[in-house]
>>> print(open('input.pdb').read())   # PDB, C-alpha atoms
ATOM      1  CA  ARG S 890      16.644  33.279 -15.680
ATOM      2  CA  LYS S 891      15.602  29.864 -14.390
ATOM      3  CA  GLU S 892      13.827  29.766 -11.033
ATOM      4  CA  VAL S 893      16.477  27.497  -9.524
ATOM      5  CA  GLU S 894      19.904  26.840 -10.988
ATOM      6  CA  GLN S 895      22.501  24.299  -9.943
ATOM      7  CA  ASP S 896      25.777  23.211 -11.459
ATOM      8  CA  PRO S 897      24.945  19.684 -12.714
ATOM      9  CA  GLY S 898      28.493  18.452 -12.068
ATOM     10  CA  PRO S 899      29.636  15.799 -11.697
ATOM     11  CA  PHE S 900      31.907  16.801  -8.859
ATOM     12  CA  ASN S 901      34.568  14.086  -8.483
ATOM     13  CA  VAL S 902      36.069  14.444  -5.037
ATOM     14  CA  PRO S 903      38.548  12.195  -3.141
ATOM     15  CA  GLU S 904      37.328  10.620   0.061
ATOM     16  CA  GLY S 905      38.017  12.841   3.072
ATOM     17  CA  ALA S 906      37.980  16.079   1.110
ATOM     18  CA  THR S 907      35.642  19.028   1.598
ATOM     19  CA  VAL S 908      33.220  19.897  -1.166
ATOM     20  CA  ALA S 909      30.792  22.768  -1.559
ATOM     21  CA  PHE S 910      28.141  23.637  -4.067
ATOM     22  CA  ASN S 911      25.730  26.492  -4.525
ATOM     23  CA  CYS S 912      22.243  26.934  -5.831
ATOM     24  CA  THR S 913      20.904  30.267  -7.090
ATOM     25  CA  TYR S 914      17.248  31.267  -7.231
ATOM     26  CA  SER S 915      15.440  34.054  -9.015
ATOM     27  CA  ASN S 916      12.321  34.688  -6.921
ATOM     28  CA  SER S 917      13.198  36.976  -4.041
ATOM     29  CA  ALA S 918       9.872  36.076  -2.375
ATOM     30  CA  SER S 919      10.898  32.444  -1.911
ATOM     31  CA  GLN S 920      10.385  31.614   1.710
ATOM     32  CA  SER S 921      11.625  28.108   2.510
ATOM     33  CA  PHE S 922      14.769  26.363   1.369
ATOM     34  CA  PHE S 923      16.002  22.785   1.576
ATOM     35  CA  TRP S 924      18.659  20.380   0.404
ATOM     36  CA  TYR S 925      17.542  16.903  -0.572
ATOM     37  CA  ARG S 926      19.720  14.016  -1.699
ATOM     38  CA  GLN S 927      18.695  11.478  -4.258
ATOM     39  CA  ASP S 928      20.458   8.191  -4.849
ATOM     40  CA  CYS S 929      20.346   6.575  -8.259
ATOM     41  CA  ARG S 930      16.828   5.325  -9.082
ATOM     42  CA  LYS S 931      15.588   6.177  -5.597
ATOM     43  CA  GLU S 932      13.277   8.843  -4.209
ATOM     44  CA  PRO S 933      14.619  12.179  -2.868
ATOM     45  CA  LYS S 934      15.235  12.339   0.880
ATOM     46  CA  LEU S 935      15.492  15.459   3.000
ATOM     47  CA  LEU S 936      19.083  16.241   3.952
ATOM     48  CA  MET S 937      18.476  19.502   5.772
ATOM     49  CA  SER S 938      16.436  22.671   5.838
ATOM     50  CA  VAL S 939      18.326  25.913   5.248
ATOM     51  CA  TYR S 940      17.962  28.890   7.569
ATOM     52  CA  SER S 941      19.176  32.460   7.213
ATOM     53  CA  SER S 942      21.441  32.058  10.231
ATOM     54  CA  GLY S 943      23.068  28.996   8.681
ATOM     55  CA  ASN S 944      22.784  25.538  10.130
ATOM     56  CA  GLU S 945      24.963  22.531  10.663
ATOM     57  CA  ASP S 946      24.226  18.834  10.949
ATOM     58  CA  GLY S 947      27.338  16.789  11.580
ATOM     59  CA  ARG S 948      29.569  17.064   8.515
ATOM     60  CA  PHE S 949      26.996  19.107   6.592
ATOM     61  CA  THR S 950      26.612  22.886   6.720
ATOM     62  CA  ALA S 951      23.943  24.849   4.862
ATOM     63  CA  GLN S 952      23.838  28.590   4.339
ATOM     64  CA  LEU S 953      21.252  30.977   2.885
ATOM     65  CA  ASN S 954      22.207  34.329   1.402
ATOM     66  CA  ARG S 955      18.993  36.232   0.683
ATOM     67  CA  ALA S 956      20.771  39.345  -0.599
ATOM     68  CA  SER S 957      22.561  37.402  -3.325
ATOM     69  CA  GLN S 958      19.767  34.829  -3.661
ATOM     70  CA  TYR S 959      21.712  31.634  -3.217
ATOM     71  CA  ILE S 960      21.965  28.725  -0.858
ATOM     72  CA  SER S 961      25.018  26.579  -0.311
ATOM     73  CA  LEU S 962      25.883  23.140   0.999
ATOM     74  CA  LEU S 963      29.279  22.236   2.442
ATOM     75  CA  ILE S 964      30.266  18.631   3.102
ATOM     76  CA  ARG S 965      33.339  18.046   5.245
ATOM     77  CA  ASP S 966      35.367  14.824   5.500
ATOM     78  CA  SER S 967      33.424  13.325   2.607
ATOM     79  CA  LYS S 968      32.548   9.619   2.684
ATOM     80  CA  LEU S 969      31.945   7.182  -0.159
ATOM     81  CA  SER S 970      28.302   7.049   0.967
ATOM     82  CA  ASP S 971      27.930  10.775   0.221
ATOM     83  CA  SER S 972      27.931   9.950  -3.501
ATOM     84  CA  ALA S 973      24.501  11.032  -4.721
ATOM     85  CA  THR S 974      22.669  13.832  -6.492
ATOM     86  CA  TYR S 975      22.000  16.853  -4.286
ATOM     87  CA  LEU S 976      18.800  18.745  -5.049
ATOM     88  CA  CYS S 977      18.185  22.355  -4.102
ATOM     89  CA  VAL S 978      14.531  22.966  -3.233
ATOM     90  CA  LEU S 979      12.591  26.100  -2.464
ATOM     91  CA  LYS S 980       9.009  26.914  -1.639
ATOM     92  CA  ASN S 981       7.377  30.138  -2.771
ATOM     93  CA  ARG S 982       4.667  32.124  -1.046
ATOM     94  CA  ASP S 983       2.059  30.608  -3.363
ATOM     95  CA  ASP S 984       3.024  27.153  -2.041
ATOM     96  CA  LYS S 985       4.677  26.273  -5.351
ATOM     97  CA  ILE S 986       7.648  23.979  -4.749
ATOM     98  CA  ILE S 987      10.613  24.213  -7.080
ATOM     99  CA  PHE S 988      13.383  21.630  -7.393
ATOM    100  CA  GLY S 989      16.685  22.285  -9.068
ATOM    101  CA  LYS S 990      18.013  19.744 -11.534
ATOM    102  CA  GLY S 991      20.537  18.560  -8.999
ATOM    103  CA  THR S 992      24.308  18.393  -8.622
ATOM    104  CA  ARG S 993      25.924  14.990  -8.993
ATOM    105  CA  LEU S 994      28.650  14.155  -6.493
ATOM    106  CA  HIS S 995      31.045  11.248  -6.837
ATOM    107  CA  ILE S 996      33.328  10.494  -3.884
ATOM    108  CA  LEU S 997      36.429   8.664  -5.086
ATOM    109  CA  PRO S 998      38.206   6.075  -2.907
TER     110      PRO S 998
ATOM    111  CA  GLU Y1408      11.305   4.010   5.099
ATOM    112  CA  THR Y1409       9.131   7.131   5.026
ATOM    113  CA  GLY Y1410       5.762   5.430   5.356
ATOM    114  CA  VAL Y1411       4.622   6.879   2.020
ATOM    115  CA  THR Y1412       3.580   4.178  -0.422
ATOM    116  CA  GLN Y1413       2.780   4.362  -4.122
ATOM    117  CA  SER Y1414       1.198   1.965  -6.558
ATOM    118  CA  PRO Y1415       1.883   0.559  -9.011
ATOM    119  CA  THR Y1416       5.688   0.562  -9.054
ATOM    120  CA  HIS Y1417       5.883   0.273 -12.821
ATOM    121  CA  LEU Y1418       3.361   0.829 -15.583
ATOM    122  CA  ILE Y1419       3.401   0.659 -19.369
ATOM    123  CA  LYS Y1420       0.730   2.463 -21.382
ATOM    124  CA  THR Y1421       0.259   3.495 -24.990
ATOM    125  CA  ARG Y1422      -0.221   6.999 -26.345
ATOM    126  CA  GLY Y1423      -3.754   8.312 -25.882
ATOM    127  CA  GLN Y1424      -4.602   6.076 -22.928
ATOM    128  CA  GLN Y1425      -5.442   7.247 -19.426
ATOM    129  CA  VAL Y1426      -3.627   6.311 -16.210
ATOM    130  CA  THR Y1427      -4.317   6.561 -12.479
ATOM    131  CA  LEU Y1428      -1.489   6.503  -9.957
ATOM    132  CA  ARG Y1429      -2.064   6.097  -6.214
ATOM    133  CA  CYS Y1430      -0.346   7.358  -3.095
ATOM    134  CA  SER Y1431      -0.865   6.670   0.594
ATOM    135  CA  SER Y1432       0.542   9.399   2.803
ATOM    136  CA  GLN Y1433       2.417   8.933   6.030
ATOM    137  CA  SER Y1434       0.224   8.725   9.123
ATOM    138  CA  GLY Y1435      -0.654  12.203  10.412
ATOM    139  CA  HIS Y1436       0.208  13.937   7.139
ATOM    140  CA  ASN Y1437      -2.631  15.913   5.552
ATOM    141  CA  THR Y1438      -0.780  17.382   2.568
ATOM    142  CA  VAL Y1439       0.207  15.444  -0.539
ATOM    143  CA  SER Y1440       2.252  16.731  -3.471
ATOM    144  CA  TRP Y1441       2.846  15.095  -6.831
ATOM    145  CA  TYR Y1442       5.977  15.446  -8.972
ATOM    146  CA  GLN Y1443       7.124  14.304 -12.396
ATOM    147  CA  GLN Y1444      10.811  13.444 -12.751
ATOM    148  CA  ALA Y1445      12.188  12.830 -16.222
ATOM    149  CA  LEU Y1446      15.520  11.068 -16.583
ATOM    150  CA  GLY Y1447      18.415  13.312 -15.605
ATOM    151  CA  GLN Y1448      16.135  16.099 -14.381
ATOM    152  CA  GLY Y1449      14.956  17.307 -11.000
ATOM    153  CA  PRO Y1450      11.376  16.618  -9.916
ATOM    154  CA  GLN Y1451       8.830  18.996 -11.456
ATOM    155  CA  PHE Y1452       5.964  20.059  -9.205
ATOM    156  CA  ILE Y1453       2.570  19.018 -10.608
ATOM    157  CA  PHE Y1454       0.206  19.995  -7.785
ATOM    158  CA  GLN Y1455      -0.436  19.785  -4.085
ATOM    159  CA  TYR Y1456      -3.529  18.692  -2.156
ATOM    160  CA  TYR Y1457      -4.412  19.866   1.323
ATOM    161  CA  ARG Y1458      -7.548  18.631   3.065
ATOM    162  CA  GLU Y1459      -8.973  17.308  -0.195
ATOM    163  CA  GLU Y1460      -8.545  20.609  -2.097
ATOM    164  CA  GLU Y1461      -5.948  21.470  -4.726
ATOM    165  CA  ASN Y1462      -3.577  23.941  -3.093
ATOM    166  CA  GLY Y1463      -0.917  25.016  -5.585
ATOM    167  CA  ARG Y1464      -0.251  23.838  -9.139
ATOM    168  CA  GLY Y1465       2.797  23.791 -11.379
ATOM    169  CA  ASN Y1466       2.967  24.279 -15.147
ATOM    170  CA  PHE Y1467       1.114  21.148 -16.183
ATOM    171  CA  PRO Y1468      -1.896  20.996 -18.556
ATOM    172  CA  PRO Y1469      -5.421  20.202 -17.319
ATOM    173  CA  ARG Y1470      -5.135  16.587 -18.481
ATOM    174  CA  PHE Y1471      -3.130  16.133 -15.270
ATOM    175  CA  SER Y1472      -5.684  16.016 -12.456
ATOM    176  CA  GLY Y1473      -5.864  14.675  -8.969
ATOM    177  CA  LEU Y1474      -7.906  13.803  -5.950
ATOM    178  CA  GLN Y1475      -7.327  13.587  -2.249
ATOM    179  CA  PHE Y1476      -9.542  11.409  -0.080
ATOM    180  CA  PRO Y1477     -10.711  11.892   3.526
ATOM    181  CA  ASN Y1478      -7.951   9.560   4.729
ATOM    182  CA  TYR Y1479      -5.472  11.881   2.897
ATOM    183  CA  SER Y1480      -4.474   9.293   0.320
ATOM    184  CA  SER Y1481      -4.326  10.681  -3.196
ATOM    185  CA  GLU Y1482      -4.603   9.856  -6.878
ATOM    186  CA  LEU Y1483      -2.951  11.385  -9.914
ATOM    187  CA  ASN Y1484      -4.844  10.983 -13.173
ATOM    188  CA  VAL Y1485      -3.335  11.657 -16.577
ATOM    189  CA  ASN Y1486      -5.556  11.640 -19.664
ATOM    190  CA  ALA Y1487      -4.551  11.405 -23.317
ATOM    191  CA  LEU Y1488      -1.059  10.145 -22.537
ATOM    192  CA  GLU Y1489       1.801  11.463 -24.626
ATOM    193  CA  LEU Y1490       5.245   9.967 -25.148
ATOM    194  CA  ASP Y1491       6.788  12.798 -23.081
ATOM    195  CA  ASP Y1492       4.722  11.729 -20.079
ATOM    196  CA  SER Y1493       7.159   8.842 -19.618
ATOM    197  CA  ALA Y1494       8.819   9.589 -16.279
ATOM    198  CA  LEU Y1495       9.062   8.706 -12.610
ATOM    199  CA  TYR Y1496       6.026  10.061 -10.744
ATOM    200  CA  LEU Y1497       6.721  10.857  -7.120
ATOM    201  CA  CYS Y1498       4.294  11.506  -4.338
ATOM    202  CA  ALA Y1499       5.329  13.319  -1.157
ATOM    203  CA  SER Y1500       3.418  13.911   2.055
ATOM    204  CA  SER Y1501       3.977  16.473   4.763
ATOM    205  CA  ALA Y1502       2.605  17.122   8.221
ATOM    206  CA  PRO Y1503       0.525  20.159   9.224
ATOM    207  CA  THR Y1504       2.558  23.365   9.719
ATOM    208  CA  THR Y1505       5.771  21.892   8.293
ATOM    209  CA  ASP Y1506       7.354  22.107   4.855
ATOM    210  CA  THR Y1507       9.389  18.917   5.141
ATOM    211  CA  GLN Y1508       8.266  16.412   2.535
ATOM    212  CA  TYR Y1509       8.602  12.647   2.710
ATOM    213  CA  PHE Y1510       8.672  10.936  -0.641
ATOM    214  CA  GLY Y1511       7.319   7.605  -1.721
ATOM    215  CA  PRO Y1512       9.375   5.283  -3.955
ATOM    216  CA  GLY Y1513       7.622   6.507  -7.096
ATOM    217  CA  THR Y1514       5.788   4.978 -10.035
ATOM    218  CA  ARG Y1515       7.766   4.585 -13.233
ATOM    219  CA  LEU Y1516       5.459   5.225 -16.189
ATOM    220  CA  THR Y1517       6.450   4.309 -19.723
ATOM    221  CA  VAL Y1518       4.299   5.541 -22.609
ATOM    222  CA  LEU Y1519       4.806   3.723 -25.912
TER     223      LEU Y1519
END
>>> encode(input="input.pdb", output="structure tokens")
Amino acid sequence: RKEVEQDPGPFNVPEGATVAFNCTYSNSASQSFFWYRQDCRKEPKLLMSVYSSGNEDGRFTAQLNRASQYISLLIRDSKLSDSATYLCVLKNRDDKIIFGKGTRLHILP
Amino acid sequence: ETGVTQSPTHLIKTRGQQVTLRCSSQSGHNTVSWYQQALGQGPQFIFQYYREEENGRGNFPPRFSGLQFPNYSSELNVNALELDDSALYLCASSAPTTDTQYFGPGTRLTVL
């Protein structure tokens, strides 16, 4: 099983819709979790950290489920500018940082 | 802008050559990580430097090496370049006691 797995997509979603995607991980000792977004030919940028209690930042909600070993990202009222690749990232106890391959999101006008 | 800079922006080398990539971390950040991102893939962790010492390494061979300097800037050195080393090389810095990483714009390396 890969350390981090994401559905590569693409997810084609009409503007204004809600979209959600998950990321599963195999190492139960992973300790920190993040979502980054990456625009085409640009560097990744932190979207939000993910906490066990769940956290929200505007239209974005992130959840962590340690029992089932997945994290999720929900985007409400999607905008054209949300089109990007969303990368799931985790950090293990040995300070090794693992990126998923990313999920591509296309918001359609 | 994150304040993390990398040089050069693009580089073309031939197989067997050596390359050095440079990264200046954001002010106040003492940890630098290096990643390799092939086309269509997520970034792959190469290694991390904290206070001039290697602190964590991914599954990369020893021909990938690095340095961190007292001002926390860093270099990535790759010896005996192979065609598969062609990729975007990203540097990220983070502040003490946080895991949030701020990425530079990357160096695109092409090996012919």
>>> residues_near_point(input="input.pdb", point="(13.4, 12.2, -17.0)", cutoff="8 Å", atoms="all atoms listed in the file", output="ChimeraX atom specification")
/Y:1444-1448,1493-1495
>>> write_last_selection(input="input.pdb", atoms="C-alpha atoms", output="short mmCIF file (atom, residue, chain, number, x, y, z; two decimals), in the frame of the given file")
data_model
loop_
_atom_site.label_atom_id
_atom_site.label_comp_id
_atom_site.auth_asym_id
_atom_site.auth_seq_id
_atom_site.Cartn_x
_atom_site.Cartn_y
_atom_site.Cartn_z
CA GLN Y 1444 10.81 13.44 -12.75
CA ALA Y 1445 12.19 12.83 -16.22
CA LEU Y 1446 15.52 11.07 -16.58
CA GLY Y 1447 18.42 13.31 -15.60
CA GLN Y 1448 16.14 16.10 -14.38
CA SER Y 1493 7.16 8.84 -19.62
CA ALA Y 1494 8.82 9.59 -16.28
CA LEU Y 1495 9.06 8.71 -12.61
#
>>> closest_residue(input="input.pdb", among="Y:Val1411, Y:Leu1497, Y:Val1485, Y:Pro1469", to="Ser1434 (chain Y)", atoms="only C-alpha atoms")
Y:Val1411
>>> resolve_selection(input="input.pdb", expression="the ChimeraX specification (/Y :<12) & /S", output="mmCIF file with C-alpha atoms, keeping the file's coordinate frame")
data_model
loop_
_atom_site.group_PDB
_atom_site.id
_atom_site.type_symbol
_atom_site.label_atom_id
_atom_site.label_comp_id
_atom_site.auth_asym_id
_atom_site.auth_seq_id
_atom_site.Cartn_x
_atom_site.Cartn_y
_atom_site.Cartn_z
ATOM 1 C CA GLU S 892 13.827 29.766 -11.033
ATOM 2 C CA VAL S 893 16.477 27.497 -9.524
ATOM 3 C CA GLU S 894 19.904 26.840 -10.988
ATOM 4 C CA GLN S 895 22.501 24.299 -9.943
ATOM 5 C CA PRO S 897 24.945 19.684 -12.714
ATOM 6 C CA GLY S 898 28.493 18.452 -12.068
ATOM 7 C CA GLN S 920 10.385 31.614 1.710
ATOM 8 C CA SER S 921 11.625 28.108 2.510
ATOM 9 C CA PHE S 922 14.769 26.363 1.369
ATOM 10 C CA PHE S 923 16.002 22.785 1.576
ATOM 11 C CA TRP S 924 18.659 20.380 0.404
ATOM 12 C CA TYR S 925 17.542 16.903 -0.572
ATOM 13 C CA ARG S 926 19.720 14.016 -1.699
ATOM 14 C CA GLN S 927 18.695 11.478 -4.258
ATOM 15 C CA ASP S 928 20.458 8.191 -4.849
ATOM 16 C CA CYS S 929 20.346 6.575 -8.259
ATOM 17 C CA ARG S 930 16.828 5.325 -9.082
ATOM 18 C CA LYS S 931 15.588 6.177 -5.597
ATOM 19 C CA GLU S 932 13.277 8.843 -4.209
ATOM 20 C CA PRO S 933 14.619 12.179 -2.868
ATOM 21 C CA LYS S 934 15.235 12.339 0.880
ATOM 22 C CA LEU S 935 15.492 15.459 3.000
ATOM 23 C CA LEU S 936 19.083 16.241 3.952
ATOM 24 C CA MET S 937 18.476 19.502 5.772
ATOM 25 C CA SER S 938 16.436 22.671 5.838
ATOM 26 C CA VAL S 939 18.326 25.913 5.248
ATOM 27 C CA THR S 974 22.669 13.832 -6.492
ATOM 28 C CA TYR S 975 22.000 16.853 -4.286
ATOM 29 C CA LEU S 976 18.800 18.745 -5.049
ATOM 30 C CA CYS S 977 18.185 22.355 -4.102
ATOM 31 C CA VAL S 978 14.531 22.966 -3.233
ATOM 32 C CA LEU S 979 12.591 26.100 -2.464
ATOM 33 C CA LYS S 980 9.009 26.914 -1.639
ATOM 34 C CA ASN S 981 7.377 30.138 -2.771
ATOM 35 C CA ARG S 982 4.667 32.124 -1.046
ATOM 36 C CA ASP S 983 2.059 30.608 -3.363
ATOM 37 C CA ASP S 984 3.024 27.153 -2.041
ATOM 38 C CA LYS S 985 4.677 26.273 -5.351
ATOM 39 C CA ILE S 986 7.648 23.979 -4.749
ATOM 40 C CA ILE S 987 10.613 24.213 -7.080
ATOM 41 C CA PHE S 988 13.383 21.630 -7.393
ATOM 42 C CA GLY S 989 16.685 22.285 -9.068
ATOM 43 C CA LYS S 990 18.013 19.744 -11.534
ATOM 44 C CA GLY S 991 20.537 18.560 -8.999
ATOM 45 C CA THR S 992 24.308 18.393 -8.622
ATOM 46 C CA ARG S 993 25.924 14.990 -8.993
#
>>> closest_residue(input="input.pdb", among="S:Leu969, S:Ala918, S:Leu963, S:Leu994", to="Asp896 (chain S)", atoms="only C-alpha atoms")
S:Leu994
>>> residues_around(input="input.pdb", residues="Asn901 (chain S)", least_positions_apart="3", cutoff="8 Å", atoms="only C-alpha atoms", output="list in words")
Leu994, His995, Ile996 and Leu997 of chain S
>>> residues_around(input="input.pdb", residues="Gly905 (chain S)", least_positions_apart="2", cutoff="8 Å", atoms="only C-alpha atoms", output="CSV table (one decimal) with C-alpha atoms, in the frame of the given file")
chain,number,residue,atom,x,y,z
S,903,PRO,CA,38.5,12.2,-3.1
S,907,THR,CA,35.6,19.0,1.6
S,965,ARG,CA,33.3,18.0,5.2
S,966,ASP,CA,35.4,14.8,5.5
S,967,SER,CA,33.4,13.3,2.6
S,968,LYS,CA,32.5,9.6,2.7
>>> axis_aligned_box(input="input.pdb", around="region 1498-1507 of chain Y", padding_each_side="3 Å", output="JSON")
{"center_x": 5.0, "center_y": 17.4, "center_z": 2.7, "size_x": 14.9, "size_y": 17.9, "size_z": 20.1}
>>> closest_residue(input="input.pdb", among="Y:Thr1427, Y:Leu1488, Y:Ser1500, Y:Arg1458", to="Gly1473 (chain Y)", atoms="only C-alpha atoms")
Y:Thr1427
>>> residues_around(input="input.pdb", residues="Arg1422 (chain Y)", least_positions_apart="3", cutoff="12 Å", atoms="all atoms listed in the file", output="PyMOL selection string")
chain Y and resi 1419+1425-1426+1485-1493+1516-1519
>>> closest_residue(input="input.pdb", among="S:Ala909, S:Val902, S:Ile964, S:Ala973", to="Glu945 (chain S)", atoms="only C-alpha atoms")
S:Ile964
>>> resolve_selection(input="input.pdb", expression="the PyMOL selection byres ((chain Y and resi 1477) around 12)", output="number ranges by chain")
Y: 1431-1432, 1436-1438, 1456-1460, 1474-1476, 1478-1481
>>> write_last_selection(input="input.pdb", atoms="C-alpha atoms", output="compact mmCIF listing (two decimals), in the coordinates of the input")
# COMPACT_ATOMS: atom_id res chain seq x y z
CA SER Y 1431 -0.86 6.67 0.59
CA SER Y 1432 0.54 9.40 2.80
CA HIS Y 1436 0.21 13.94 7.14
CA ASN Y 1437 -2.63 15.91 5.55
CA THR Y 1438 -0.78 17.38 2.57
CA TYR Y 1456 -3.53 18.69 -2.16
CA TYR Y 1457 -4.41 19.87 1.32
CA ARG Y 1458 -7.55 18.63 3.06
CA GLU Y 1459 -8.97 17.31 -0.20
CA GLU Y 1460 -8.54 20.61 -2.10
CA LEU Y 1474 -7.91 13.80 -5.95
CA GLN Y 1475 -7.33 13.59 -2.25
CA PHE Y 1476 -9.54 11.41 -0.08
CA ASN Y 1478 -7.95 9.56 4.73
CA TYR Y 1479 -5.47 11.88 2.90
CA SER Y 1480 -4.47 9.29 0.32
CA SER Y 1481 -4.33 10.68 -3.20
>>> residues_around(input="input.pdb", residues="Arg955 (chain S)", least_positions_apart="3", cutoff="9 Å", atoms="only C-alpha atoms", output="ChimeraX atom specification")
/S:917,941,958-960
>>> atom_distance(input="input.pdb", atom1="CA of Asn954 (chain S)", atom2="CA of Glu904 (chain S)")
28.2 Å
>>> closest_residue(input="input.pdb", among="Y:Ser1414, Y:Asn1466, Y:Ser1501, Y:Gln1424", to="Gln1443 (chain Y)", atoms="all atoms listed in the file")
Y:Asn1466
>>> atom_distance(input="input.pdb", atom1="CA of Val1439 (chain Y)", atom2="CA of Ser942 (chain S)")
29.0 Å
>>> closest_residue(input="input.pdb", among="S:Arg948, S:Leu962, S:Pro998, S:Leu953", to="Ser919 (chain S)", atoms="all atoms listed in the file")
S:Leu953
>>> atom_distance(input="input.pdb", atom1="CA of Gln952 (chain S)", atom2="CA of Thr913 (chain S)")
11.9 Å
>>> resolve_selection(input="input.pdb", expression="the PyMOL selection byres ((chain Y and resi 1428) around 8)", output="list in words")
Gln1413, Ser1414, Pro1415, Val1426, Thr1427, Arg1429, Cys1430, Glu1482, Leu1483, Asn1484 and Thr1514 of chain Y
>>> build_atoms(input="input.pdb", residues="region 900-906 of chain S", atoms="all heavy atoms", output="compact mmCIF listing (two decimals), in the frame of the given file")
# COMPACT_ATOMS: atom_id res chain seq x y z
N PHE S 900 30.77 16.45 -9.68
CA PHE S 900 31.91 16.80 -8.86
C PHE S 900 32.57 15.48 -8.45
O PHE S 900 31.93 14.65 -7.80
CB PHE S 900 31.46 17.54 -7.59
CG PHE S 900 31.07 18.98 -7.82
CD1 PHE S 900 30.13 19.32 -8.78
CD2 PHE S 900 31.62 19.99 -7.05
CE1 PHE S 900 29.76 20.65 -8.99
CE2 PHE S 900 31.25 21.31 -7.24
CZ PHE S 900 30.34 21.64 -8.20
N ASN S 901 33.82 15.29 -8.86
CA ASN S 901 34.57 14.09 -8.48
C ASN S 901 35.56 14.47 -7.40
O ASN S 901 36.50 15.22 -7.66
CB ASN S 901 35.28 13.51 -9.70
CG ASN S 901 34.29 13.04 -10.76
OD1 ASN S 901 33.36 12.30 -10.46
ND2 ASN S 901 34.49 13.47 -12.00
N VAL S 902 35.34 13.96 -6.20
CA VAL S 902 36.07 14.44 -5.04
C VAL S 902 36.67 13.26 -4.30
O VAL S 902 35.99 12.25 -4.07
CB VAL S 902 35.09 15.21 -4.11
CG1 VAL S 902 35.74 15.59 -2.81
CG2 VAL S 902 34.55 16.43 -4.82
N PRO S 903 37.96 13.32 -3.89
CA PRO S 903 38.55 12.20 -3.14
C PRO S 903 37.94 12.10 -1.75
O PRO S 903 37.58 13.11 -1.13
CB PRO S 903 40.03 12.55 -3.08
CG PRO S 903 40.09 14.02 -3.29
CD PRO S 903 38.92 14.39 -4.14
N GLU S 904 37.86 10.89 -1.28
CA GLU S 904 37.33 10.62 0.06
C GLU S 904 38.10 11.43 1.10
O GLU S 904 39.34 11.55 1.02
CB GLU S 904 37.46 9.12 0.35
CG GLU S 904 36.74 8.64 1.58
CD GLU S 904 36.85 7.14 1.74
OE1 GLU S 904 37.61 6.50 0.99
OE2 GLU S 904 36.16 6.59 2.62
N GLY S 905 37.37 12.04 2.04
CA GLY S 905 38.02 12.84 3.07
C GLY S 905 38.11 14.32 2.75
O GLY S 905 38.36 15.14 3.64
N ALA S 906 37.88 14.67 1.51
CA ALA S 906 37.98 16.08 1.11
C ALA S 906 36.71 16.84 1.50
O ALA S 906 35.69 16.25 1.88
CB ALA S 906 38.21 16.18 -0.39
